[in-house]
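Have a look at the structure below before the remarks.
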Amino acid sequence: MRITKYTHACLRLEHAGGVMVIDPGVFSEPEALDGVDAVLVTHEHFDHIDVDRLRAAAARQPSLTVYTHPDVDAQLTELDAEKFAVAPGDTFVAAGMTVRAYGGMHAVIHPDIPRIVNVAFLIESPNGPIYHPGDSFHVPDEEVATLFVPVSAPWLKLAEAIDFTRAVKPERAFALHDSLLVEAGQQMVTGHMNRLSGTHYTRLDPGTTI
């Protein structure tokens, strides 16, 4: 399986001829959606879904399918693509890859800001499960080989990212939700995560494939 990390929270997974993209928001590069078969959306925030860009991708790829929570699906009525509503506990196949949905709620930004839904996705791969938690610290009840861990957000402090990684216990971890940090901040996070998270942590430059 090929995994490409695009800016901020966007991942592109390619396996056995299928292409899946998770959270192609306004910060991610347009090419992330080239030839995409399935798009998974964790929640409604603009840094995780760009509806106009998704509409353009559906026009280029009529067989495109979109998987997201019913609350988000209700906002995509003008999207000309086949849509599937998923909720925590569901297992489904997208772009030929098996996916399990976890979580349920976005992390707390502030008590005065209403919380919204957030569905985390665990994708099976030949090298072990890959986990994209969206904007949450939900720990799945199964082993994770590759964790993409949020490291910078209005709802996050670094200690939470460290503790989340410790709780998940992945074989390896990569930065997610990372475009808000300047270079010095990225270096600081990398140092702390490698010292304290209990696993090897790396930040991938946008467009890097592993």
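Identifiers in the structure tokens: chain A, B, ... in order shown; residue index from 1 per chain; ligand index from 1 in order shown.
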Env of segment 46-59 of chain A: 10 Å cut, atoms = only C-alpha atoms, seq-sep filter 5 positions within chain, self excluded. Answer as number ranges by chain.
A: 7-10, 22-28, 30-31, 33-41, 64-66, 72, 75-76, 78-82, 134-135, 177
Those same residues - N, CA and C atoms - I'd like them written as a JSON list (two decimals), in the first residue's frame.
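The new file part04.json reads:
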[["chain", "number", "residue", "atom", "x", "y", "z"],
["A", 7, "THR", "N", -1.00, 18.20, 2.67],
["A", 7, "THR", "CA", -0.98, 19.24, 3.69],
["A", 7, "THR", "C", -2.14, 19.08, 4.68],
["A", 8, "HIS", "N", -1.79, 19.24, 5.94],
["A", 8, "HIS", "CA", -2.70, 19.27, 7.08],
["A", 8, "HIS", "C", -3.25, 17.88, 7.42],
["A", 9, "ALA", "N", -4.49, 17.57, 7.04],
["A", 9, "ALA", "CA", -5.13, 16.35, 7.54],
["A", 9, "ALA", "C", -5.46, 15.35, 6.44],
["A", 10, "CYS", "N", -4.93, 15.55, 5.25],
["A", 10, "CYS", "CA", -5.32, 14.76, 4.09],
["A", 10, "CYS", "C", -4.36, 13.60, 3.83],
["A", 22, "ILE", "N", -8.69, 10.59, 2.37],
["A", 22, "ILE", "CA", -9.35, 10.94, 3.62],
["A", 22, "ILE", "C", -9.14, 12.43, 3.89],
["A", 23, "ASP", "N", -10.21, 13.13, 4.16],
["A", 23, "ASP", "CA", -10.22, 14.53, 4.58],
["A", 23, "ASP", "C", -9.46, 15.49, 3.64],
["A", 24, "PRO", "N", -9.91, 15.58, 2.38],
["A", 24, "PRO", "CA", -9.31, 16.57, 1.47],
["A", 24, "PRO", "C", -9.91, 17.95, 1.71],
["A", 25, "GLY", "N", -9.35, 18.68, 2.64],
["A", 25, "GLY", "CA", -9.85, 20.00, 3.00],
["A", 25, "GLY", "C", -9.23, 21.11, 2.18],
["A", 26, "VAL", "N", -9.50, 22.35, 2.57],
["A", 26, "VAL", "CA", -9.04, 23.50, 1.78],
["A", 26, "VAL", "C", -7.53, 23.68, 1.83],
["A", 27, "PHE", "N", -6.85, 23.13, 2.83],
["A", 27, "PHE", "CA", -5.40, 23.27, 2.91],
["A", 27, "PHE", "C", -4.66, 22.23, 2.07],
["A", 28, "SER", "N", -5.34, 21.16, 1.68],
["A", 28, "SER", "CA", -4.66, 20.08, 0.96],
["A", 28, "SER", "C", -4.55, 20.40, -0.52],
["A", 30, "PRO", "N", -4.85, 20.05, -4.56],
["A", 30, "PRO", "CA", -5.89, 19.52, -5.45],
["A", 30, "PRO", "C", -5.54, 18.16, -6.03],
["A", 31, "GLU", "N", -4.26, 17.90, -6.29],
["A", 31, "GLU", "CA", -3.87, 16.63, -6.90],
["A", 31, "GLU", "C", -4.11, 15.42, -6.01],
["A", 33, "LEU", "N", -6.82, 14.44, -5.10],
["A", 33, "LEU", "CA", -8.05, 13.82, -5.56],
["A", 33, "LEU", "C", -7.95, 13.28, -6.98],
["A", 34, "ASP", "N", -6.81, 13.34, -7.60],
["A", 34, "ASP", "CA", -6.66, 12.84, -8.97],
["A", 34, "ASP", "C", -6.93, 11.33, -9.01],
["A", 35, "GLY", "N", -7.89, 10.92, -9.84],
["A", 35, "GLY", "CA", -8.17, 9.51, -10.02],
["A", 35, "GLY", "C", -8.73, 8.81, -8.79],
["A", 36, "VAL", "N", -9.32, 9.56, -7.87],
["A", 36, "VAL", "CA", -9.80, 8.99, -6.61],
["A", 36, "VAL", "C", -11.05, 8.14, -6.85],
["A", 37, "ASP", "N", -11.15, 7.02, -6.13],
["A", 37, "ASP", "CA", -12.33, 6.16, -6.18],
["A", 37, "ASP", "C", -13.28, 6.42, -5.02],
["A", 38, "ALA", "N", -12.71, 6.67, -3.84],
["A", 38, "ALA", "CA", -13.53, 6.86, -2.63],
["A", 38, "ALA", "C", -12.93, 7.96, -1.77],
["A", 39, "VAL", "N", -13.81, 8.78, -1.22],
["A", 39, "VAL", "CA", -13.40, 9.84, -0.29],
["A", 39, "VAL", "C", -14.08, 9.59, 1.05],
["A", 40, "LEU", "N", -13.28, 9.62, 2.12],
["A", 40, "LEU", "CA", -13.78, 9.48, 3.48],
["A", 40, "LEU", "C", -13.64, 10.82, 4.18],
["A", 41, "VAL", "N", -14.70, 11.27, 4.84],
["A", 41, "VAL", "CA", -14.70, 12.57, 5.50],
["A", 41, "VAL", "C", -15.01, 12.36, 6.98],
["A", 64, "LEU", "N", -17.06, 8.05, -8.39],
["A", 64, "LEU", "CA", -16.59, 8.42, -7.06],
["A", 64, "LEU", "C", -17.66, 8.15, -6.01],
["A", 65, "THR", "N", -17.23, 7.59, -4.87],
["A", 65, "THR", "CA", -18.13, 7.38, -3.74],
["A", 65, "THR", "C", -17.60, 8.14, -2.53],
["A", 66, "VAL", "N", -18.52, 8.62, -1.68],
["A", 66, "VAL", "CA", -18.16, 9.40, -0.50],
["A", 66, "VAL", "C", -18.75, 8.71, 0.73],
["A", 72, "VAL", "N", -22.87, 14.97, 8.21],
["A", 72, "VAL", "CA", -22.11, 15.58, 7.13],
["A", 72, "VAL", "C", -22.77, 15.29, 5.79],
["A", 75, "GLN", "N", -25.26, 17.64, 4.42],
["A", 75, "GLN", "CA", -24.78, 18.91, 3.88],
["A", 75, "GLN", "C", -24.24, 18.77, 2.46],
["A", 76, "LEU", "N", -24.30, 17.56, 1.92],
["A", 76, "LEU", "CA", -23.72, 17.31, 0.59],
["A", 76, "LEU", "C", -24.79, 16.99, -0.44],
["A", 78, "GLU", "N", -25.99, 18.60, -2.87],
["A", 78, "GLU", "CA", -25.73, 19.02, -4.25],
["A", 78, "GLU", "C", -24.52, 18.31, -4.85],
["A", 79, "LEU", "N", -23.94, 17.39, -4.11],
["A", 79, "LEU", "CA", -22.78, 16.67, -4.62],
["A", 79, "LEU", "C", -23.24, 15.51, -5.50],
["A", 80, "ASP", "N", -22.82, 15.52, -6.75],
["A", 80, "ASP", "CA", -23.23, 14.50, -7.71],
["A", 80, "ASP", "C", -22.30, 13.29, -7.61],
["A", 81, "ALA", "N", -22.45, 12.56, -6.53],
["A", 81, "ALA", "CA", -21.65, 11.35, -6.31],
["A", 81, "ALA", "C", -22.46, 10.42, -5.42],
["A", 82, "GLU", "N", -22.17, 9.14, -5.49],
["A", 82, "GLU", "CA", -22.85, 8.19, -4.62],
["A", 82, "GLU", "C", -22.31, 8.35, -3.20],
["A", 134, "GLY", "N", -9.20, 11.81, 12.63],
["A", 134, "GLY", "CA", -9.87, 13.09, 12.44],
["A", 134, "GLY", "C", -9.51, 14.02, 13.57],
["A", 135, "ASP", "N", -10.46, 14.81, 14.03],
["A", 135, "ASP", "CA", -10.21, 15.74, 15.14],
["A", 135, "ASP", "C", -10.69, 15.11, 16.45],
["A", 177, "HIS", "N", -2.72, 16.95, 10.98],
["A", 177, "HIS", "CA", -3.25, 18.23, 11.46],
["A", 177, "HIS", "C", -2.09, 19.13, 11.90]]
Please identify the strand (DSSP E) residues within segment 94-207 of chain A (assignment by DSSP from backbone atoms) and present them as a count of residues only.
33
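Minimum distance to Ser197 of chain A across A:Ala85, A:Leu181, A:Val149, A:Ile210 (counting only C-alpha atoms) occurs at A:Val149.
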Atom CA of Met193 of chain A and atom CA of Tyr131 of chain A, how far apart in Å?
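Between these atoms lies a distance of 17.3 Å.
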d(atom CA of Glu143 of chain A, atom CA of Glu44 of chain A) in Å
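Taking atom CA of Glu143 of chain A and atom CA of Glu44 of chain A, their separation equals 27.3 Å.
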Looking at only C-alpha atoms, which of A:His43, A:His138, A:His69, A:His192 is the one that sits closest to Tyr102 of chain A?
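Among the listed residues, the smallest separation from Tyr102 of chain A belongs to A:His138.
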Given only C-alpha atoms as the basis, pick out the residue of A:Ala184, A:Thr202, A:Phe174, A:Ala159 nearest to His132 of chain A.
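Between A:Ala184, A:Thr202, A:Phe174, A:Ala159, the residue approaching His132 of chain A most closely is A:Phe174.
Residues in contact with Glu171 of chain A at 7 Å, where only C-alpha atoms are counted and same-chain residues fewer than 5 positions away are skipped, are listed as Ala145, Thr146 and Thr199 of chain A.
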Output the selection as a PDB file, in the first residue's frame - C-alpha atoms for each residue.
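And here's result_28.pdb as it stands now:
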ATOM      1  CA  ALA A 145       0.382  -0.342  13.082  1.00  0.00           C
ATOM      2  CA  THR A 146       0.464   3.191  11.671  1.00  0.00           C
ATOM      3  CA  THR A 199       7.055   5.030  19.348  1.00  0.00           C
TER       4      THR A 199
END
Point-to-point distance in Å for atom CA of His200 of chain A and atom CA of Thr4 of chain A:
18.2 Å
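Of the residues listed (A:Leu204, A:Leu147, A:Ala107, A:Met97), A:Met97 shows the shortest atom-to-atom separation from Pro126 of chain A; distances use only C-alpha atoms.
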